[in-house]
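To be precise, the following lines are entry_10.pdb, and they hold PDB, C-alpha atoms.
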ATOM      1  CA  MET A   1      26.941 174.533 -36.880
ATOM      2  CA  THR A   2      25.020 171.869 -38.814
ATOM      3  CA  SER A   3      26.502 169.957 -41.741
ATOM      4  CA  SER A   4      24.241 171.818 -44.193
ATOM      5  CA  GLU A   5      25.484 175.167 -42.805
ATOM      6  CA  THR A   6      29.076 173.990 -43.191
ATOM      7  CA  ALA A   7      28.460 172.888 -46.774
ATOM      8  CA  SER A   8      26.897 176.208 -47.680
ATOM      9  CA  THR A   9      29.934 178.157 -46.396
ATOM     10  CA  GLU A  10      32.474 175.946 -48.160
ATOM     11  CA  GLN A  11      33.226 176.767 -51.771
ATOM     12  CA  SER A  12      33.386 174.202 -54.542
ATOM     13  CA  PRO A  13      36.839 173.775 -56.120
ATOM     14  CA  VAL A  14      35.626 175.692 -59.201
ATOM     15  CA  ALA A  15      34.315 178.525 -57.016
ATOM     16  CA  VAL A  16      37.717 178.784 -55.310
ATOM     17  CA  TYR A  17      39.625 179.595 -58.511
ATOM     18  CA  LYS A  18      36.795 181.812 -59.752
ATOM     19  CA  SER A  19      37.054 183.799 -56.507
ATOM     20  CA  ILE A  20      40.761 184.315 -57.155
ATOM     21  CA  LEU A  21      40.070 185.397 -60.742
ATOM     22  CA  ARG A  22      37.335 187.789 -59.640
ATOM     23  CA  ALA A  23      39.614 189.368 -57.005
ATOM     24  CA  VAL A  24      42.374 189.874 -59.573
ATOM     25  CA  ILE A  25      40.006 191.506 -62.073
ATOM     26  CA  GLU A  26      38.425 193.723 -59.427
ATOM     27  CA  ASN A  27      41.901 195.030 -58.530
ATOM     28  CA  ARG A  28      42.687 195.981 -62.124
ATOM     29  CA  PRO A  29      41.821 199.213 -63.948
ATOM     30  CA  SER A  30      38.339 199.922 -65.206
ATOM     31  CA  GLY A  31      37.706 198.253 -68.561
ATOM     32  CA  THR A  32      39.647 195.068 -67.805
ATOM     33  CA  ARG A  33      36.509 192.913 -68.193
ATOM     34  CA  GLN A  34      35.809 194.453 -71.603
ATOM     35  CA  ARG A  35      39.425 193.986 -72.735
ATOM     36  CA  LEU A  36      39.298 190.384 -71.576
ATOM     37  CA  ALA A  37      36.020 189.769 -73.427
ATOM     38  CA  GLU A  38      37.530 191.221 -76.610
ATOM     39  CA  ALA A  39      40.747 189.206 -76.244
ATOM     40  CA  LEU A  40      38.752 185.989 -75.821
ATOM     41  CA  GLY A  41      36.297 186.857 -78.582
ATOM     42  CA  LYS A  42      33.410 186.581 -76.124
ATOM     43  CA  ASN A  43      30.651 188.751 -74.671
ATOM     44  CA  ARG A  44      30.931 190.460 -71.297
ATOM     45  CA  SER A  45      28.256 188.066 -70.026
ATOM     46  CA  PHE A  46      30.701 185.183 -70.602
ATOM     47  CA  ILE A  47      33.271 186.999 -68.475
ATOM     48  CA  SER A  48      30.661 187.487 -65.753
ATOM     49  CA  GLN A  49      29.969 183.736 -65.779
ATOM     50  CA  ILE A  50      33.609 182.662 -65.628
ATOM     51  CA  ILE A  51      34.472 185.017 -62.759
ATOM     52  CA  SER A  52      31.371 184.398 -60.659
ATOM     53  CA  PRO A  53      31.706 181.659 -58.034
ATOM     54  CA  ALA A  54      27.900 181.347 -58.142
ATOM     55  CA  TYR A  55      28.050 179.850 -61.655
ATOM     56  CA  ALA A  56      29.350 176.319 -62.158
ATOM     57  CA  THR A  57      30.651 177.218 -65.641
ATOM     58  CA  PRO A  58      34.356 176.319 -65.592
ATOM     59  CA  VAL A  59      37.023 178.560 -67.077
ATOM     60  CA  PRO A  60      38.029 176.877 -70.357
ATOM     61  CA  LEU A  61      41.628 175.704 -70.345
ATOM     62  CA  GLN A  62      42.402 177.309 -73.691
ATOM     63  CA  HIS A  63      41.622 180.764 -72.262
ATOM     64  CA  LEU A  64      44.008 180.639 -69.305
ATOM     65  CA  GLU A  65      47.066 182.202 -70.942
ATOM     66  CA  THR A  66      44.976 185.011 -72.405
ATOM     67  CA  ILE A  67      43.411 185.648 -68.996
ATOM     68  CA  PHE A  68      46.846 185.746 -67.342
ATOM     69  CA  HIS A  69      48.135 188.149 -69.986
ATOM     70  CA  VAL A  70      45.185 190.557 -70.125
ATOM     71  CA  CYS A  71      44.661 190.636 -66.355
ATOM     72  CA  HIS A  72      48.400 190.944 -65.583
ATOM     73  CA  PHE A  73      48.467 188.260 -62.902
ATOM     74  CA  ALA A  74      51.293 188.678 -60.410
ATOM     75  CA  PRO A  75      53.293 185.435 -59.932
ATOM     76  CA  PRO A  76      51.666 184.648 -56.529
ATOM     77  CA  GLU A  77      48.180 185.280 -57.970
ATOM     78  CA  ARG A  78      48.922 183.053 -60.943
ATOM     79  CA  GLN A  79      50.262 180.270 -58.720
ATOM     80  CA  ALA A  80      47.265 180.429 -56.382
ATOM     81  CA  PHE A  81      44.895 180.342 -59.359
ATOM     82  CA  LEU A  82      46.711 177.398 -60.976
ATOM     83  CA  ASN A  83      46.781 175.459 -57.697
ATOM     84  CA  ALA A  84      43.025 175.950 -57.306
ATOM     85  CA  TYR A  85      42.424 175.115 -60.995
ATOM     86  CA  ARG A  86      44.401 171.876 -60.622
ATOM     87  CA  ALA A  87      42.355 170.975 -57.526
ATOM     88  CA  ALA A  88      39.112 171.584 -59.433
ATOM     89  CA  HIS A  89      40.238 169.809 -62.615
ATOM     90  CA  PRO A  90      42.824 167.162 -61.677
ATOM     91  CA  GLY A  91      45.192 166.238 -64.489
ATOM     92  CA  ARG A  92      43.828 168.739 -67.007
ATOM     93  CA  LEU A  93      46.773 171.166 -66.923
ATOM     94  CA  GLU A  94      49.314 168.372 -66.828
ATOM     95  CA  VAL A  95      47.820 166.670 -69.886
ATOM     96  CA  VAL A  96      48.098 169.857 -71.909
ATOM     97  CA  ASP A  97      51.620 170.574 -70.687
ATOM     98  CA  ALA A  98      52.766 167.009 -71.331
ATOM     99  CA  THR A  99      51.250 166.460 -74.760
ATOM    100  CA  ARG A 100      51.658 169.804 -76.486
ATOM    101  CA  PRO A 101      55.109 171.363 -76.606
ATOM    102  CA  MET A 102      55.074 175.012 -77.530
ATOM    103  CA  ARG A 103      57.289 176.739 -80.042
ATOM    104  CA  GLN A 104      58.236 180.348 -80.476
ATOM    105  CA  LEU A 105      57.748 182.362 -83.642
ATOM    106  CA  VAL A 106      59.313 185.761 -84.147
ATOM    107  CA  VAL A 107      57.278 188.182 -86.241
ATOM    108  CA  GLU A 108      58.680 191.443 -87.555
ATOM    109  CA  LEU A 109      56.229 194.289 -87.985
ATOM    110  CA  PRO A 110      56.780 197.775 -89.307
ATOM    111  CA  ASP A 111      56.925 200.662 -86.873
ATOM    112  CA  PHE A 112      53.680 202.498 -87.518
ATOM    113  CA  GLY A 113      55.091 205.728 -86.111
ATOM    114  CA  SER A 114      52.645 205.856 -83.224
ATOM    115  CA  ALA A 115      52.608 204.054 -79.895
ATOM    116  CA  ASP A 116      48.836 203.622 -80.246
ATOM    117  CA  LEU A 117      49.050 202.091 -83.722
ATOM    118  CA  ASN A 118      51.961 199.850 -82.694
ATOM    119  CA  ALA A 119      49.974 198.639 -79.674
ATOM    120  CA  ARG A 120      46.936 197.944 -81.866
ATOM    121  CA  ALA A 121      49.078 195.952 -84.323
ATOM    122  CA  ASP A 122      50.620 193.964 -81.432
ATOM    123  CA  HIS A 123      47.133 193.275 -80.068
ATOM    124  CA  ILE A 124      45.980 191.945 -83.451
ATOM    125  CA  VAL A 125      48.972 189.625 -83.840
ATOM    126  CA  LEU A 126      48.650 188.350 -80.258
ATOM    127  CA  GLY A 127      44.933 187.786 -80.820
ATOM    128  CA  VAL A 128      45.667 185.622 -83.854
ATOM    129  CA  ALA A 129      48.243 183.641 -81.854
ATOM    130  CA  ARG A 130      45.767 183.090 -79.004
ATOM    131  CA  GLY A 131      43.153 182.023 -81.537
ATOM    132  CA  LEU A 132      45.555 179.407 -82.863
ATOM    133  CA  VAL A 133      46.263 178.150 -79.333
ATOM    134  CA  SER A 134      42.522 177.783 -78.766
ATOM    135  CA  LEU A 135      42.495 175.213 -81.601
ATOM    136  CA  ILE A 136      44.585 172.770 -79.535
ATOM    137  CA  PRO A 137      41.626 170.891 -77.962
ATOM    138  CA  ALA A 138      40.011 170.507 -81.411
ATOM    139  CA  ALA A 139      43.286 169.303 -82.936
ATOM    140  CA  ASP A 140      43.744 166.772 -80.139
ATOM    141  CA  GLU A 141      40.194 165.471 -80.654
ATOM    142  CA  GLU A 142      40.758 165.076 -84.405
ATOM    143  CA  GLU A 143      43.948 163.094 -83.773
ATOM    144  CA  THR A 144      42.156 160.686 -81.420
ATOM    145  CA  ASP A 145      39.245 160.292 -83.867
ATOM    146  CA  ARG A 146      41.558 158.939 -86.573
ATOM    147  CA  PRO A 147      42.405 155.210 -86.575
ATOM    148  CA  GLY A 148      45.687 154.839 -84.724
ATOM    149  CA  GLY A 149      45.912 158.608 -84.291
ATOM    150  CA  ILE A 150      47.421 158.900 -87.772
ATOM    151  CA  PRO A 151      46.929 162.255 -89.504
TER     152      PRO A 151
END
Just give me the structure as structure tokens.
Amino acid sequence: MTSSETASTEQSPVAVYKSILRAVIENRPSGTRQRLAEALGKNRSFISQIISPAYATPVPLQHLETIFHVCHFAPPERQAFLNAYRAAHPGRLEVVDATRPMRQLVVELPDFGSADLNARADHIVLGVARGLVSLIPAADEEETDRPGGIP
């Protein structure tokens, strides 16, 4: 086998974690891609790009928790994905984990008397929370743009 044949059969680090993500989604019920697109506030074409090893588009860090939640990653799948993500983007996960502690907020909602309505309300609240988490990279950039990092 020539070196060019070897290179063509080896996946890039980004393609490795995208292959894991694609396999997880393909083993989930029909409609998972659409639910993921809605949860991320993106089009289905964005989902196609982030799960296709053929595209170099990386999976944005701020979307990982939403992806894990919507796609119901099993612990071994999640660990394999995170290991591959770390290999593709060294230090990225650790920087987020080290610089941004998380806090928990308990929200009480009324019982809407229907499992469907309760699930829809939960989905809305979780969507708002994920939207807030997606602001972290922008907040970090603003802090570094200020002299001395002072708010």
query: Which neighbours of stretch 15-27 of chain A fall inside 7 Å, counting only C-alpha atoms, when residues of the same chain fewer than 6 positions from it are skipped, and could you give them as a list of chain:residue names?
result: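 The neighbour list is A:Ile50, A:Ile51, A:Ser52, A:Pro53, A:Cys71, A:Phe81, A:Ala84, A:Tyr85.
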task: I would like the residues chosen by the PyMOL selection byres ((chain A and resi 130) around 10) on the shown file; could you give them as a PyMOL selection string?
output: chain A and resi 39-40+62-63+65-66+124-129+131-135
- prompt: For A:Thr32, which of A:Asn118, A:Gln49, A:His72, A:Val14 is the closest residue, counting only C-alpha atoms?
  reply: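 For A:Thr32, the nearest of the given residues is A:His72.
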field: Residues near A:His89, cut-off 10 Å, only C-alpha atoms, skip fewer than 2 positions along chain, as a ChimeraX atom specification
entry: /A:13-14,58,61,83-87,91-93
query: So how far away is atom CA of A:Gly31 from atom CA of A:Ala119, in Å?
result: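 Distance between the two atoms: 16.6 Å.
We find atom CA of A:Arg35 and atom CA of A:Val70 to be spaced 7.2 Å apart.
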Give the centre and edge lengths of an axis-aligned box, in Å to one decimal, that holds all listed atoms of stretch 16-35 of chain A with 6 Å on each side, as AutoDock Vina command-line options.
--center_x 39.2 --center_y 189.4 --center_z -64.0 --size_x 18.9 --size_y 33.1 --size_z 29.4
